[in-house]
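Notes follow once the structure below has been shown.
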2 protein chains.
Amino acid sequence: MVLKEFLNQIIAGDCREVLSELPAKSADLIVTSPPYGSRRKNSYGGIHPDHYVEWFLPISLELKRVLKDTGSFILNIKENVEKGERHTYVIELVLQMRMQGWLWTEDYVWHKKNCYPGKWPNRFRDAWEHCFHFTKQHQFAMYQDAVRVPMGDWKEKRLRRLSETDMRRDNSRAQSGFGKRIANWVGREFAYPTNVLHLATECSNRGHSAAFPLELPTWFIQLLTKPGDVVFDPFIGSGTTAIAAAKLHRHFVGIEIDAMFVKLAKERLRAEEAGKSIPLILPEYANE
Amino acid sequence: MVLKEFLNQIIAGDCREVLSELPAKSADLIVTSPPYGSRRKNSYGGIHPDHYVEWFLPISLELKRVLKDTGSFILNIKENVEKGERHTYVIELVLQMRMQGWLWTEDYVWHKKNCYPGKWPNRFRDAWEHCFHFTKQHQFAMYQDAVRVPMGDWKEKRLRRLSETDMRRDNSRAQSGFGKRIANWVGREFAYPTNVLHLATECSNRGHSAAFPLELPTWFIQLLTKPGDVVFDPFIGSGTTAIAAAKLHRHFVGIEIDAMFVKLAKERLRAEEAGKSIPLILPEYANE
DNA sequence: GTTCCGCATGAATCGATAG
DNA sequence: ACTATCGATTCATGCGGAA
């Protein structure tokens, strides 16, 4: 049970087994997007919504063991529709996780700016998902200054956002003190964000699909860890969480059951190390 | 039990008593923002979060009786923080209302663009609330065309020339075919919205505070009723729902326990009738 | 080096049809 | 009656090649 040998690895396997090998209280942050309740086959064989809670509870218990006492667990999930209704497995899971001892600290909303198209007689397109924030204690690590955003009126914010991106291209290697550097450039006031994140999904990546965009784990990693900390993702898929952690100089441990995704995640990480040129894009906050 | 005598009235009283006097299956839409679980005194004496569900369930049962079979119930609510955690009374209420026979059709998110200021060590400002959509049947009245919004400007370029891929997608039975029915798209100016509403709170109302902005009931009234229909609000407060209904030529029935609010709501309605000049503002959808 | 523009694709859901 | 499959419907975004 030595953490070191797992660090910065994508581990192939069922997280229910792999997690038990990881030492207790070793993660500063767990951020993940497990397979949603669905009848369709997916990497875990398709978990029926009616059995989702009983499937997930042993995993969340292991996650609680593996998390540091001051750490955080971010669970990205969404209740899907079954027979015309939103299924209740998500809210039932929240209640059960509290019975396990988790604290339900917050429910961040990810507003998906480019949600899936479609039209139905009784509902509109689904444009949001939960990012539940669970902790083990009331006191936990949080670095709010790392995710501050420029404030100001609508027009000026647009211009500022452009210059921000340019600046970031130049400085993408040096990570610390992000906000301060922007402050030097822009010389404006900063505001703390809210619990609503406005992010587009990444849909035009040929060959792979990510459950969430890079900006999502990036934001929570910046908010809830410091450089050198350890970030876990037990359902890492194409490796997005690992890439976000690596870019921000955090360690990661990723687990993935699907061999194809393991291969893909490793490839993406290698490309990331080689290229290094892709600018890190922070989420935008619509203050308008 | 004649509906007519209640129409377009603000009725002073406890909704638990007044509702029982209203005839069954008389409302096309119920839209309301009940007092949230809180220890602070408010119009219903301050409902402790731990007792919220048992307090609300008799009311939701009456609402179910009073609603038409094809009607909708929009419940604007938010779990507040108790001892550092989001309280579970809201999700417990959803589960219990389903036990009463309500269908949990959707959970719209109201993104509060200008949310309440403040700073805390372990959370950010709360910028969203639930608007739960409950129905009695899978088939219910919905007028989606009434709330369409202008499309993003991407459309101009996209549809200028029909790409070869659109055709291919059409022929090859791709999983989701944008290329289908291209004729439907030519010249289309409006898109259907999503389940995320971007509305500012009303903050500068002299002397009173509204639970939600006029645009919120306006949007749901347009979506879920037609002119001449009947809209209920059992916790009408300063009368926002009534004003929205009146502007849209729907009938309303409002109930309010606090005499001061009853007076205020009636005043606002009178001013509305006299002035008539205030333009109706539709919600904006952030297309950026 | 910009800006413009074509283009693939995505945690979807409903209703009808088939087993 | 109950489940599995399939076709129909619909936007917005970032990438990459062209101007």
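Labeling convention for the structure tokens: chains A, B, ... as they appear, residues from 1 per chain, ligands from 1 in order of appearance.
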
*Once the least-squares fit of chain A onto chain B is done over all Cα atoms matched in order, how many Å of RMSD are left?*
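Fitting chain A to chain B over paired C-alpha atoms yields 9.1 Å.
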
When the cut-off is 9 Å and we count only C-alpha atoms (C1' of nucleotides), which residues of chain D are near chain B, given as an mmCIF file with C-alpha atoms (C1' of nucleotides), in the first residue's frame?
data_model
loop_
_atom_site.group_PDB
_atom_site.id
_atom_site.type_symbol
_atom_site.label_atom_id
_atom_site.label_comp_id
_atom_site.auth_asym_id
_atom_site.auth_seq_id
_atom_site.Cartn_x
_atom_site.Cartn_y
_atom_site.Cartn_z
ATOM 1 C "C1'" DG D 7 -35.919 6.234 -36.846
ATOM 2 C "C1'" DA D 8 -36.948 11.176 -36.203
ATOM 3 C "C1'" DT D 9 -36.028 15.326 -34.235
ATOM 4 C "C1'" DT D 10 -32.691 19.371 -33.146
ATOM 5 C "C1'" DC D 11 -28.247 23.377 -31.749
ATOM 6 C "C1'" DA D 12 -23.920 25.289 -30.689
#

Contacts of chain C with chain B up to 12 Å, shortest pair per row, only C-alpha atoms (C1' of nucleotides), as a Markdown table:
| residue | atom | partner | partner_atom | distance |
| --- | --- | --- | --- | --- |
| C:DC4 | C1' | B:Lys157 | CA | 10.1 |
| C:DC5 | C1' | B:Lys157 | CA | 7.2 |
| C:DG6 | C1' | B:Arg158 | CA | 7.9 |
| C:DC7 | C1' | B:Thr165 | CA | 7.9 |
| C:DA8 | C1' | B:Thr165 | CA | 8.5 |
| C:DT9 | C1' | B:Ser176 | CA | 9.2 |
| C:DG10 | C1' | B:Ser176 | CA | 9.3 |
| C:DA12 | C1' | B:Ser176 | CA | 9.9 |
| C:DT13 | C1' | B:Ser176 | CA | 11.8 |
| C:DC14 | C1' | B:His138 | CA | 11.7 |

*Residues of chain A within 8 Å of chain B, only C-alpha atoms counted, as a PyMOL selection string*: chain A and resi 84-86+88+91+95+103-107+109+111+113+121-128+138-140+142+192-196+286-288

*asked:* Env of Thr32 (chain A): 8 Å cut, atoms = only C-alpha atoms (C1' of nucleotides), seq-sep filter 6 positions within chain, self excluded. Answer as a list of chain:residue names.
replied: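 Surrounding residues, per the criterion: A:Ile74, A:Leu75, A:Asn76, A:Phe232, A:Asp233, A:Pro234, A:Phe235, A:Ile236, A:Thr241.
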
Please identify which residues in region 33-158 of chain A DSSP calls strand (DSSP E) from the backbone, and express them as an mmCIF file with C-alpha atoms, in the first residue's frame.
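Writing the result to result_4.cif gives the following:
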data_model
loop_
_atom_site.group_PDB
_atom_site.id
_atom_site.type_symbol
_atom_site.label_atom_id
_atom_site.label_comp_id
_atom_site.auth_asym_id
_atom_site.auth_seq_id
_atom_site.Cartn_x
_atom_site.Cartn_y
_atom_site.Cartn_z
ATOM 1 C CA LEU A 67 -9.741 10.633 0.654
ATOM 2 C CA LYS A 68 -7.800 12.784 3.060
ATOM 3 C CA ASP A 69 -9.842 14.237 5.911
ATOM 4 C CA THR A 70 -9.524 17.728 4.463
ATOM 5 C CA GLY A 71 -10.137 16.540 0.911
ATOM 6 C CA SER A 72 -13.109 16.919 -1.420
ATOM 7 C CA PHE A 73 -15.095 14.626 -3.683
ATOM 8 C CA ILE A 74 -16.672 16.155 -6.793
ATOM 9 C CA LEU A 75 -19.301 13.921 -8.375
ATOM 10 C CA ASN A 76 -20.493 14.946 -11.838
ATOM 11 C CA ILE A 77 -23.792 13.248 -12.592
ATOM 12 C CA VAL A 81 -35.328 10.460 -18.146
ATOM 13 C CA GLU A 82 -37.096 7.136 -17.752
ATOM 14 C CA GLU A 85 -39.854 11.312 -15.666
ATOM 15 C CA ARG A 86 -36.522 12.315 -14.231
ATOM 16 C CA LEU A 103 -21.219 15.773 4.089
ATOM 17 C CA TRP A 104 -23.208 17.247 1.194
ATOM 18 C CA THR A 105 -21.407 20.545 1.101
ATOM 19 C CA GLU A 106 -22.651 21.980 -2.175
ATOM 20 C CA ASP A 107 -24.351 21.282 -5.494
ATOM 21 C CA TYR A 108 -22.568 23.159 -8.268
ATOM 22 C CA VAL A 109 -24.406 23.377 -11.571
ATOM 23 C CA TRP A 110 -22.560 22.834 -14.821
ATOM 24 C CA HIS A 111 -24.477 24.766 -17.464
ATOM 25 C CA LYS A 112 -23.718 23.057 -20.786
ATOM 26 C CA TRP A 128 -27.225 21.234 -17.064
ATOM 27 C CA GLU A 129 -25.634 18.633 -14.824
ATOM 28 C CA HIS A 130 -24.861 18.329 -11.141
ATOM 29 C CA CYS A 131 -21.367 18.628 -9.704
ATOM 30 C CA PHE A 132 -21.981 17.510 -6.143
ATOM 31 C CA HIS A 133 -19.368 18.571 -3.652
ATOM 32 C CA PHE A 134 -18.961 16.071 -0.815
ATOM 33 C CA THR A 135 -16.508 16.362 2.050
ATOM 34 C CA VAL A 149 -12.667 35.935 -12.489
ATOM 35 C CA PRO A 150 -12.538 39.455 -13.805
#

*Can you list, as an MDAnalysis selection string, every protein, DNA or RNA residue that comes within 8 Å of region 219-230 of chain B when you count only C-alpha atoms (C1' of nucleotides), leaving out same-chain residues fewer than 4 positions away?*
chainID B and resid 26:29 31 71:72 74 141:147 215 244:245 248:253 282:283
